[in-house]
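A.B. asks: Contents of my_file32.txt (compact mmCIF, C-alpha atoms and all ligand atoms) are given next:
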```txt
# COMPACT_ATOMS: atom_id res chain seq x y z
CA MET A 200 12.96 -28.41 31.80
CA THR A 201 14.64 -25.36 30.22
CA SER A 202 17.52 -26.06 27.87
CA THR A 203 20.77 -24.09 28.09
CA ARG A 204 21.01 -20.98 25.96
CA HIS A 205 24.41 -20.95 24.27
CA GLN A 206 26.35 -17.99 22.85
CA ILE A 207 26.32 -18.02 19.06
CA LEU A 208 28.45 -15.71 16.93
CA VAL A 209 27.16 -15.21 13.38
CA PHE A 210 30.11 -14.02 11.29
CA ARG A 211 28.34 -13.60 7.97
CA GLU A 212 24.81 -12.29 7.39
CA LEU A 213 22.09 -14.97 7.72
CA PRO A 214 18.59 -14.80 6.22
CA GLU A 215 16.10 -13.47 8.77
CA ASP A 216 14.16 -16.71 9.11
CA GLN A 217 17.34 -18.65 9.95
CA LEU A 218 18.56 -15.98 12.36
CA ALA A 219 15.18 -16.22 14.08
CA ARG A 220 15.63 -19.99 14.54
CA LEU A 221 18.93 -19.37 16.31
CA GLN A 222 17.55 -16.50 18.41
CA ALA A 223 14.59 -18.60 19.57
CA ALA A 224 16.93 -21.04 21.30
CA HIS A 225 20.18 -19.17 22.01
CA ASN A 226 21.87 -15.80 22.55
CA VAL A 227 23.08 -14.48 19.21
CA THR A 228 25.63 -11.84 18.22
CA VAL A 229 25.90 -10.89 14.55
CA ALA A 230 29.29 -9.40 13.63
CA ASN A 231 31.12 -9.80 10.32
CA PRO A 232 34.88 -9.35 10.78
CA ARG A 233 35.25 -8.46 7.09
CA VAL A 234 33.17 -5.30 7.69
CA ALA A 235 35.41 -2.71 9.38
CA ALA A 236 32.59 -1.36 11.57
CA GLN A 237 31.78 -4.86 12.92
CA ARG A 238 35.31 -6.17 13.45
CA ASP A 239 35.64 -5.07 17.08
CA ALA A 240 32.27 -6.60 17.95
CA PHE A 241 33.36 -9.90 16.39
CA PHE A 242 36.56 -10.09 18.44
CA ALA A 243 34.73 -8.96 21.59
CA ALA A 244 32.18 -11.79 21.23
CA LEU A 245 34.71 -14.49 20.28
CA PRO A 246 35.91 -15.49 23.80
CA GLN A 247 32.32 -16.28 24.92
CA ALA A 248 31.20 -17.94 21.69
CA GLN A 249 30.26 -21.60 21.90
CA ALA A 250 29.26 -21.73 18.25
CA LEU A 251 30.28 -19.89 15.10
CA ILE A 252 28.26 -19.80 11.89
CA GLY A 253 29.27 -18.09 8.65
CA SER A 254 31.62 -18.36 5.68
CA SER A 255 34.32 -16.68 3.58
CA TYR A 256 36.52 -15.74 6.54
CA PRO A 257 39.65 -17.69 7.48
CA ILE A 258 39.38 -19.17 10.97
CA THR A 259 43.00 -19.57 12.01
CA ASP A 260 44.74 -21.39 14.86
CA ALA A 261 45.42 -17.98 16.42
CA LEU A 262 41.74 -17.14 16.27
CA LEU A 263 40.87 -20.43 18.01
CA ASP A 264 43.21 -19.39 20.84
CA GLU A 265 40.77 -16.56 21.55
CA ALA A 266 37.70 -18.78 21.31
CA LEU A 267 38.21 -21.04 24.30
CA GLN A 268 34.50 -21.86 24.76
CA LEU A 269 34.04 -22.95 21.15
CA ARG A 270 32.24 -26.28 20.55
CA VAL A 271 31.18 -26.04 16.91
CA ILE A 272 31.82 -24.12 13.70
CA SER A 273 29.04 -24.33 11.13
CA SER A 274 30.22 -23.22 7.72
CA ILE A 275 27.74 -21.96 5.12
CA SER A 276 29.77 -23.65 2.39
CA VAL A 277 30.76 -27.12 1.31
CA GLY A 278 34.45 -26.19 1.00
CA VAL A 279 36.29 -26.33 4.33
CA ASP A 280 39.58 -24.74 3.25
CA ASN A 281 39.00 -21.72 5.54
CA TYR A 282 39.29 -23.86 8.66
CA PRO A 283 42.32 -25.31 10.52
CA LEU A 284 41.27 -28.95 10.35
CA ALA A 285 44.07 -30.42 12.49
CA ALA A 286 43.59 -27.81 15.25
CA LEU A 287 39.83 -28.41 15.31
CA ARG A 288 40.38 -32.15 15.63
CA GLU A 289 42.91 -31.68 18.44
CA ARG A 290 40.63 -29.31 20.35
CA GLY A 291 37.53 -31.47 19.86
CA ILE A 292 35.65 -28.70 18.06
CA ALA A 293 33.03 -29.97 15.61
CA LEU A 294 33.01 -28.68 12.02
CA CYS A 295 29.88 -28.73 9.87
CA HIS A 296 29.40 -27.82 6.20
CA THR A 297 26.70 -27.88 3.51
CA PRO A 298 27.31 -30.71 1.02
CA GLY A 299 24.63 -31.62 -1.50
CA VAL A 300 22.27 -28.64 -1.34
CA LEU A 301 24.49 -26.60 -3.68
CA THR A 302 25.61 -29.36 -6.03
CA GLU A 303 23.22 -28.79 -8.94
CA THR A 304 23.43 -25.00 -8.82
CA THR A 305 27.23 -25.07 -8.79
CA ALA A 306 27.27 -27.52 -11.69
CA ASP A 307 24.93 -25.16 -13.58
CA THR A 308 27.31 -22.26 -12.97
CA ILE A 309 30.36 -24.22 -14.05
CA PHE A 310 28.60 -25.43 -17.18
CA ALA A 311 27.51 -21.85 -17.94
CA LEU A 312 31.14 -20.77 -17.59
CA LEU A 313 32.23 -23.49 -19.98
CA MET A 314 29.60 -22.40 -22.53
CA ALA A 315 30.33 -18.69 -22.04
CA THR A 316 34.06 -19.20 -22.56
CA SER A 317 33.78 -21.49 -25.56
CA ARG A 318 31.05 -19.51 -27.32
CA ARG A 319 32.54 -16.15 -26.26
CA ILE A 320 29.20 -15.03 -24.79
CA PRO A 321 30.34 -12.10 -22.57
CA GLU A 322 32.56 -10.68 -25.32
CA LEU A 323 29.82 -10.89 -27.96
CA ALA A 324 27.12 -9.54 -25.65
CA MET A 325 29.40 -6.56 -25.06
CA TYR A 326 29.87 -6.25 -28.84
CA VAL A 327 26.12 -5.75 -29.22
CA ARG A 328 25.78 -3.50 -26.17
CA SER A 329 28.57 -1.21 -27.31
CA GLY A 330 26.95 -0.68 -30.74
CA GLN A 331 29.64 -2.53 -32.74
CA TRP A 332 27.13 -4.91 -34.38
CA GLN A 333 26.82 -3.09 -37.71
CA ARG A 334 26.88 -6.06 -40.10
CA ASN A 335 26.89 -9.89 -39.91
CA ILE A 336 29.73 -11.16 -37.78
CA GLY A 337 32.67 -12.93 -39.44
CA GLU A 338 34.95 -15.81 -38.52
CA ASP A 339 37.02 -13.63 -36.22
CA LEU A 340 34.09 -13.66 -33.78
CA PHE A 341 33.07 -17.31 -34.07
CA GLY A 342 33.30 -19.55 -31.02
CA TRP A 343 33.89 -23.29 -30.69
CA ASP A 344 31.41 -26.16 -30.21
CA VAL A 345 30.79 -27.62 -26.78
CA HIS A 346 28.57 -30.58 -27.73
CA GLY A 347 30.47 -33.65 -28.85
CA LYS A 348 33.76 -32.48 -27.31
CA THR A 349 35.76 -34.15 -24.52
CA LEU A 350 35.27 -32.93 -20.97
CA GLY A 351 37.97 -33.74 -18.40
CA ILE A 352 36.76 -33.56 -14.80
CA LEU A 353 39.33 -33.29 -12.01
CA GLY A 354 37.46 -34.41 -8.88
CA MET A 355 34.54 -36.77 -9.52
CA GLY A 356 32.64 -36.00 -6.32
CA ARG A 357 29.14 -34.56 -5.98
CA ILE A 358 29.67 -31.58 -8.30
CA GLY A 359 31.86 -33.57 -10.69
CA MET A 360 29.08 -36.15 -11.14
CA ALA A 361 26.49 -33.41 -11.69
CA LEU A 362 28.73 -31.89 -14.37
CA ALA A 363 29.22 -35.30 -15.98
CA ARG A 364 25.45 -35.78 -16.20
CA ARG A 365 25.02 -32.44 -17.97
CA ALA A 366 27.91 -33.12 -20.33
CA ALA A 367 27.38 -36.80 -21.20
CA LEU A 368 23.58 -37.03 -21.12
CA GLY A 369 22.70 -33.50 -22.25
CA PHE A 370 25.51 -32.42 -24.57
CA GLY A 371 26.70 -35.74 -25.98
CA MET A 372 30.20 -35.11 -24.65
CA ARG A 373 32.82 -37.75 -24.01
CA VAL A 374 33.61 -37.51 -20.29
CA LEU A 375 36.96 -38.41 -18.74
CA TYR A 376 37.60 -38.02 -15.05
CA ASN A 377 40.37 -38.25 -12.52
CA ASN A 378 39.64 -38.73 -8.86
CA ARG A 379 41.22 -40.06 -5.68
CA SER A 380 39.47 -43.34 -6.49
CA VAL A 381 37.51 -44.88 -9.35
CA VAL A 382 33.77 -44.35 -8.91
CA PRO A 383 32.11 -47.82 -8.69
CA GLU A 384 29.70 -48.63 -11.54
CA SER A 385 26.92 -49.04 -8.96
CA GLU A 386 27.24 -45.33 -8.01
CA LEU A 387 27.22 -44.04 -11.59
CA GLY A 388 23.50 -44.57 -12.24
CA ALA A 389 22.58 -43.21 -15.70
CA LEU A 390 26.25 -42.33 -16.24
CA ALA A 391 27.33 -45.98 -16.32
CA GLY A 392 29.26 -46.53 -19.53
CA HIS A 393 29.36 -42.78 -20.28
CA VAL A 394 32.33 -41.73 -18.13
CA HIS A 395 35.87 -43.06 -18.06
CA TYR A 396 38.47 -42.93 -15.31
CA VAL A 397 41.91 -41.96 -16.65
CA ALA A 398 45.26 -40.94 -15.16
CA ARG A 399 45.60 -37.19 -14.68
CA ASP A 400 48.19 -36.76 -17.45
CA ALA A 401 45.98 -38.58 -19.96
CA LEU A 402 43.07 -36.33 -19.01
CA LEU A 403 45.19 -33.19 -19.46
CA ARG A 404 46.39 -34.36 -22.88
CA GLU A 405 43.01 -35.41 -24.25
CA ALA A 406 40.41 -33.02 -22.84
CA ASP A 407 38.99 -30.09 -24.79
CA PHE A 408 37.75 -28.71 -21.47
CA VAL A 409 39.69 -29.31 -18.25
CA VAL A 410 37.47 -28.56 -15.25
CA SER A 411 38.64 -28.39 -11.66
CA VAL A 412 36.15 -29.43 -8.99
CA VAL A 413 38.66 -30.81 -6.50
CA PRO A 414 38.72 -29.35 -2.98
CA SER A 415 41.60 -27.11 -1.97
CA THR A 416 44.07 -29.17 0.08
CA PRO A 417 47.86 -29.16 0.36
CA GLU A 418 47.83 -31.93 -2.27
CA THR A 419 45.78 -29.97 -4.84
CA LYS A 420 47.62 -26.64 -4.55
CA HIS A 421 48.66 -25.59 -8.08
CA LEU A 422 47.43 -28.88 -9.51
CA LEU A 423 46.99 -26.82 -12.66
CA GLY A 424 50.43 -25.26 -13.11
CA ALA A 425 53.06 -24.87 -15.85
CA GLU A 426 53.57 -28.61 -16.24
CA ALA A 427 49.85 -29.28 -16.61
CA PHE A 428 49.30 -26.45 -19.11
CA ALA A 429 52.21 -27.73 -21.22
CA MET A 430 50.44 -31.09 -21.57
CA MET A 431 47.14 -29.61 -22.77
CA LYS A 432 46.02 -29.15 -26.37
CA PRO A 433 46.48 -25.59 -27.72
CA SER A 434 42.69 -25.61 -28.15
CA ALA A 435 42.03 -26.58 -24.51
CA ILE A 436 39.82 -24.45 -22.29
CA VAL A 437 40.50 -24.50 -18.54
CA ILE A 438 37.64 -23.98 -16.10
CA ASN A 439 38.19 -23.49 -12.38
CA GLY A 440 34.99 -23.96 -10.40
CA SER A 441 36.42 -25.03 -7.04
CA ARG A 442 39.13 -22.91 -5.40
CA GLY A 443 41.69 -20.38 -6.60
CA ALA A 444 44.58 -22.27 -5.00
CA ILE A 445 44.20 -25.11 -7.52
CA VAL A 446 45.46 -22.91 -10.37
CA ASP A 447 48.91 -21.32 -10.50
CA GLU A 448 47.69 -17.97 -11.84
CA ALA A 449 51.11 -16.80 -13.11
CA ALA A 450 51.51 -20.05 -15.05
CA LEU A 451 47.95 -19.71 -16.38
CA LEU A 452 48.66 -16.20 -17.68
CA HIS A 453 51.83 -17.46 -19.35
CA ALA A 454 49.94 -20.37 -20.95
CA LEU A 455 47.26 -18.00 -22.29
CA ASP A 456 49.75 -15.43 -23.56
CA THR A 457 51.87 -18.02 -25.35
CA ASP A 458 48.86 -19.83 -26.91
CA GLN A 459 49.57 -23.03 -24.97
CA ILE A 460 45.84 -23.12 -24.24
CA ARG A 461 42.89 -21.29 -25.77
CA ALA A 462 41.00 -19.72 -22.89
CA ALA A 463 40.04 -19.93 -19.22
CA GLY A 464 36.77 -19.60 -17.33
CA LEU A 465 37.30 -18.79 -13.67
CA ASP A 466 34.79 -18.52 -10.82
CA VAL A 467 37.44 -18.55 -8.09
CA PHE A 468 40.81 -16.88 -7.55
CA ALA A 469 43.87 -17.08 -5.32
CA THR A 470 42.80 -13.77 -3.75
CA GLU A 471 39.12 -12.90 -3.48
CA PRO A 472 37.70 -10.44 -4.27
CA LEU A 473 39.98 -10.44 -7.33
CA PRO A 474 42.36 -7.46 -6.93
CA VAL A 475 41.59 -4.75 -9.51
CA GLU A 476 45.21 -4.86 -10.69
CA SER A 477 45.02 -8.60 -11.52
CA PRO A 478 45.67 -9.16 -15.27
CA LEU A 479 43.05 -11.95 -15.13
CA ARG A 480 40.32 -9.33 -14.63
CA THR A 481 40.61 -7.87 -18.15
CA HIS A 482 42.41 -10.61 -20.08
CA ALA A 483 40.81 -11.14 -23.52
CA LYS A 484 40.95 -14.94 -23.15
CA VAL A 485 39.44 -15.06 -19.65
CA VAL A 486 35.84 -15.11 -18.50
CA ALA A 487 35.96 -14.21 -14.82
CA LEU A 488 33.07 -14.49 -12.37
CA PRO A 489 32.90 -13.26 -8.74
CA HIS A 490 32.70 -16.71 -7.03
CA ILE A 491 29.02 -17.27 -7.83
CA GLY A 492 28.98 -21.09 -8.01
CA SER A 493 26.16 -21.44 -5.48
CA ALA A 494 24.85 -17.87 -5.66
CA THR A 495 21.15 -18.24 -6.41
CA HIS A 496 18.38 -17.14 -4.04
CA GLU A 497 17.16 -20.72 -3.60
CA THR A 498 20.52 -22.34 -3.05
CA ARG A 499 22.02 -19.72 -0.75
CA HIS A 500 18.87 -20.02 1.39
CA ALA A 501 19.11 -23.81 1.42
CA MET A 502 22.76 -23.55 2.49
CA ALA A 503 21.91 -21.15 5.32
CA GLU A 504 19.09 -23.43 6.43
CA MET A 505 21.31 -26.51 6.45
CA ALA A 506 24.11 -24.68 8.29
CA THR A 507 21.61 -23.45 10.90
CA SER A 508 20.21 -26.96 11.39
CA ASN A 509 23.74 -28.38 11.64
CA LEU A 510 24.63 -25.91 14.38
CA LEU A 511 21.42 -26.37 16.37
CA GLN A 512 21.79 -30.15 16.21
CA VAL A 513 25.39 -30.14 17.48
CA LEU A 514 24.41 -27.87 20.38
CA ALA A 515 21.53 -30.24 21.15
CA GLY A 516 23.94 -33.19 21.26
CA GLU A 517 22.66 -34.66 17.99
CA GLN A 518 24.55 -35.80 14.90
CA PRO A 519 23.77 -33.47 11.97
CA ALA A 520 23.77 -34.49 8.30
CA GLY A 521 26.46 -31.92 7.54
CA ARG A 522 29.04 -32.93 10.15
CA PHE A 523 32.45 -32.89 8.46
CA ASP A 524 34.57 -35.93 9.29
CA LEU A 525 37.75 -34.40 10.71
CA ASN A 526 39.27 -37.85 11.15
CA HIS A 527 39.32 -38.48 7.41
CA ALA A 528 40.28 -34.99 6.21
N1 LIG B 1 32.64 -22.05 -7.06
C1 LIG B 1 31.84 -22.23 -6.03
O1 LIG B 1 31.08 -21.35 -5.65
C2 LIG B 1 31.84 -23.53 -5.32
C3 LIG B 1 32.99 -24.26 -5.21
N2 LIG B 1 32.97 -25.47 -4.56
C4 LIG B 1 34.22 -26.22 -4.45
O2 LIG B 1 34.02 -27.49 -5.05
C5 LIG B 1 34.66 -28.48 -4.25
C6 LIG B 1 34.02 -29.83 -4.51
O3 LIG B 1 32.73 -29.92 -3.94
P1 LIG B 1 31.96 -31.33 -3.91
O4 LIG B 1 31.89 -31.90 -5.27
O5 LIG B 1 30.72 -31.14 -3.13
O6 LIG B 1 33.02 -32.19 -3.05
P2 LIG B 1 33.23 -33.76 -3.03
O7 LIG B 1 34.01 -34.03 -1.79
O8 LIG B 1 31.94 -34.47 -3.25
O9 LIG B 1 34.15 -34.02 -4.31
C7 LIG B 1 35.51 -33.75 -4.39
C8 LIG B 1 36.17 -34.87 -5.15
O10 LIG B 1 37.53 -34.52 -5.40
C9 LIG B 1 38.30 -35.70 -5.25
N3 LIG B 1 39.71 -35.33 -4.97
C10 LIG B 1 40.23 -34.81 -3.84
N4 LIG B 1 41.54 -34.62 -3.99
C11 LIG B 1 41.85 -35.03 -5.24
C12 LIG B 1 43.05 -35.09 -5.99
N5 LIG B 1 44.21 -34.69 -5.46
N6 LIG B 1 43.01 -35.56 -7.25
C13 LIG B 1 41.84 -35.98 -7.78
N7 LIG B 1 40.67 -35.95 -7.13
C14 LIG B 1 40.68 -35.48 -5.88
C15 LIG B 1 37.65 -36.47 -4.12
O11 LIG B 1 37.98 -37.85 -4.19
C16 LIG B 1 36.17 -36.20 -4.40
O12 LIG B 1 35.63 -37.22 -5.24
C17 LIG B 1 34.51 -27.94 -2.82
O13 LIG B 1 35.50 -28.46 -1.97
C18 LIG B 1 34.67 -26.44 -3.01
O14 LIG B 1 36.03 -26.08 -2.91
C19 LIG B 1 31.83 -25.99 -4.03
C20 LIG B 1 30.65 -25.29 -4.12
C21 LIG B 1 30.56 -23.99 -4.76
O1 LIG B 2 30.26 -23.83 -0.72
C1 LIG B 2 31.38 -23.49 -1.16
O2 LIG B 2 32.41 -24.12 -0.91
C2 LIG B 2 31.48 -22.28 -1.98
O3 LIG B 2 32.48 -22.02 -2.58
C3 LIG B 2 30.34 -21.35 -2.10
O4 LIG B 2 29.15 -21.95 -2.21
```
What is this file in structure tokens?
Ligand SMILES: NC(=O)C1=CN([C@@H]2O[C@H](COP(=O)(O)OP(=O)(O)OC[C@H]3O[C@@H](n4cnc5c(N)ncnc54)[C@H](O)[C@@H]3O)[C@@H](O)[C@H]2O)C=CC1
Ligand SMILES: O=C(O)C(=O)CO
C.D. replies:
Amino acid sequence: MTSTRHQILVFRELPEDQLARLQAAHNVTVANPRVAAQRDAFFAALPQAQALIGSSYPITDALLDEALQLRVISSISVGVDNYPLAALRERGIALCHTPGVLTETTADTIFALLMATSRRIPELAMYVRSGQWQRNIGEDLFGWDVHGKTLGILGMGRIGMALARRAALGFGMRVLYNNRSVVPESELGALAGHVHYVARDALLREADFVVSVVPSTPETKHLLGAEAFAMMKPSAIVINGSRGAIVDEAALLHALDTDQIRAAGLDVFATEPLPVESPLRTHAKVVALPHIGSATHETRHAMAEMATSNLLQVLAGEQPAGRFDLNHA
């Protein structure tokens, strides 16, 4: 018996081995709408597409109106903020994502950002590179300790737990967290007794490092805004490792410029790529990264592999590990 070959539209480059898996079973068009030369091909393929796979491009309600054959979207990301969840649910279109395979790498990146910001690593590396290191450095270039400090985690999910392990078990930090619900002791493993659930305001007041790893939802938009910055210690460092929408960037700039907080480490921004005119790009108290949370060779490949498997399984009528539950979004 021959199985049906479906039309798949790949809207962001896939590694060759994963593209080959799709091509072996289905008809595949590769067209990235963010690349001007491929935009027309993307919109030409959309009406026939039964499956989409890619990331970093907003799939809107209007776009779904043109994709009337669509059965599944497989995102090469864990975040699902680029997708119209209610419209997908109403239309019976499956959504898949890549939880888990990027957790440790993203926690590494966020921890690196925390270290880089506190110890002023990019600034001091530039000091050496530019030839300014002519004598021993003085207090004006000292950083601040990370070990032994208090880490406040907003969003104690997969990445939040991985951060807590690094902080509590590796760096002897006190770890506070806020989450939609308290994590049961039985799920804390080696972290049992090392992490403490607190109300959000208490976390903001007490933490030396406030780290956002909550998903972007209507509820979390500007979770870190003027009110939150006003509650923080003047020595607090804010790290955003989840989505730009969580931080009110104008309020953040004000908080930095008026010494309400010490510094910020940002992997994500309201607009990406970060516009060249954004004051965050060159601000002396900001370490900015180009959304590299999961960007290692190993992890990006694992994400592509999981997204490919998710898509193939939905088209085969199976239930993939990465199916996003649209009924509980
Ligand atoms: N910078 C990067 O490259 C990456 C960023 N991310 C971002 O990190 C987010 C988290 O990923 P995971 O840990 O895998 O997700 P997860 O779903 O395991 O964890 C999210 C946690 O946030 C909590 N939460 C949701 N709304 C909340 C609220 N209003 N207040 C407090 N807690 C709330 C949830 O209860 C959950 O425990 C993703 O949604 C994505 O936006 C993920 C991977 C890479
Ligand atoms: O997976 C995600 O949500 C990212 O931001 C990139 O890995």
A.B. asks: Rank nothing, just name the residue among A:Asn378, A:Pro474, A:Gln518, A:Val485 nearest to Asp456 (chain A), using only C-alpha atoms.
C.D. replies: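 Of the candidates, the smallest distance to Asp456 (chain A) is held by A:Val485.
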A.B. asks: Can you list, as a ChimeraX atom specification, every protein, DNA or RNA residue that comes within 10 Å of Leu479 (chain A) when you count all atoms listed in the file, leaving out same-chain residues fewer than 5 positions away?
C.D. replies: /A:448-449,451-452,463,465,468,473-474,484-487
A.B. asks: Need the axis-aligned box for region 303-317 of chain A with 5 Å each side, so what are the centre and edges in Å to one decimal, as AutoDock Vina command-line options?
C.D. replies:
```
--center_x 28.6 --center_y -23.7 --center_z -17.2 --size_x 20.8 --size_y 20.1 --size_z 26.8
```
A.B. asks: Dig up all the protein and nucleic acid residues within 6 Å of (41.1, -31.6, -11.0) in the file frame, using all atoms listed in the file, and format them as a PyMOL selection string.
C.D. replies: chain A and resi 353-354+411-413
A.B. asks: Given all atoms listed in the file as the basis, pick out the residue of A:Arg461, A:Arg365, A:Arg399, A:His453 nearest to ligand LIG 1 (chain B).
C.D. replies: A:Arg399
A.B. asks: Find the residues with any atom within 12 Å of (28.2, -34.8, -11.3); use all atoms listed in the file and the coordinates as given in the file, and write the answer as JSON, numbers by chain.
C.D. replies: {"A": [299, 301, 302, 303, 304, 305, 306, 307, 309, 310, 352, 353, 354, 355, 356, 357, 358, 359, 360, 361, 362, 363, 364, 365, 366, 367, 368, 374, 376, 382, 386, 387, 388, 389, 390, 394, 410, 412]}
A.B. asks: Work out how far apart atom O3 of ligand LIG 1 (chain B) and CA of Val279 (chain A) are and give it in Å to one decimal.
C.D. replies: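 Result for atom O3 of ligand LIG 1 (chain B) versus CA of Val279 (chain A): 9.7 Å, one decimal.
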A.B. asks: From the options A:Ser317, A:Ser415, A:Asn526, A:Gln331, which residue's atoms come nearest to Ser434 (chain A), counting only C-alpha atoms?
C.D. replies: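 Checking each of A:Ser317, A:Ser415, A:Asn526, A:Gln331 against Ser434 (chain A), counting only C-alpha atoms, the winner is A:Ser317.
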A.B. asks: Please determine, counting all atoms listed in the file, which residue among A:Phe428, A:Tyr396, A:Phe241, A:Tyr326 has the shortest atom-to-atom distance to ligand LIG 1 (chain B).
C.D. replies: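 Between A:Phe428, A:Tyr396, A:Phe241, A:Tyr326, the residue approaching ligand LIG 1 (chain B) most closely is A:Tyr396.
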A.B. asks: Residues up to 7 Å from ligand LIG 2 (chain B), counting all atoms listed in the file: could you list those as a PDB file with C-alpha atoms, in the frame of the given file?
C.D. replies:
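So the final result, stored in out_9.pdb, reads:
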```pdb
ATOM      1  CA  ILE A 275      27.740 -21.960   5.120  1.00  0.00           C
ATOM      2  CA  SER A 276      29.770 -23.650   2.390  1.00  0.00           C
ATOM      3  CA  VAL A 277      30.760 -27.120   1.310  1.00  0.00           C
ATOM      4  CA  GLY A 278      34.450 -26.190   1.000  1.00  0.00           C
ATOM      5  CA  VAL A 279      36.290 -26.330   4.330  1.00  0.00           C
ATOM      6  CA  THR A 297      26.700 -27.880   3.510  1.00  0.00           C
ATOM      7  CA  LEU A 301      24.490 -26.600  -3.680  1.00  0.00           C
ATOM      8  CA  SER A 441      36.420 -25.030  -7.040  1.00  0.00           C
ATOM      9  CA  HIS A 490      32.700 -16.710  -7.030  1.00  0.00           C
ATOM     10  CA  GLY A 492      28.980 -21.090  -8.010  1.00  0.00           C
ATOM     11  CA  SER A 493      26.160 -21.440  -5.480  1.00  0.00           C
ATOM     12  CA  ALA A 494      24.850 -17.870  -5.660  1.00  0.00           C
TER      13      ALA A 494
END
```
A.B. asks: Of the candidates A:His346, A:Arg442, A:His500, A:His205, which one gets nearest to ligand LIG 1 (chain B) if we count only C-alpha atoms and all ligand atoms?
C.D. replies: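 Nearest candidate to ligand LIG 1 (chain B) out of A:His346, A:Arg442, A:His500, A:His205: A:Arg442.
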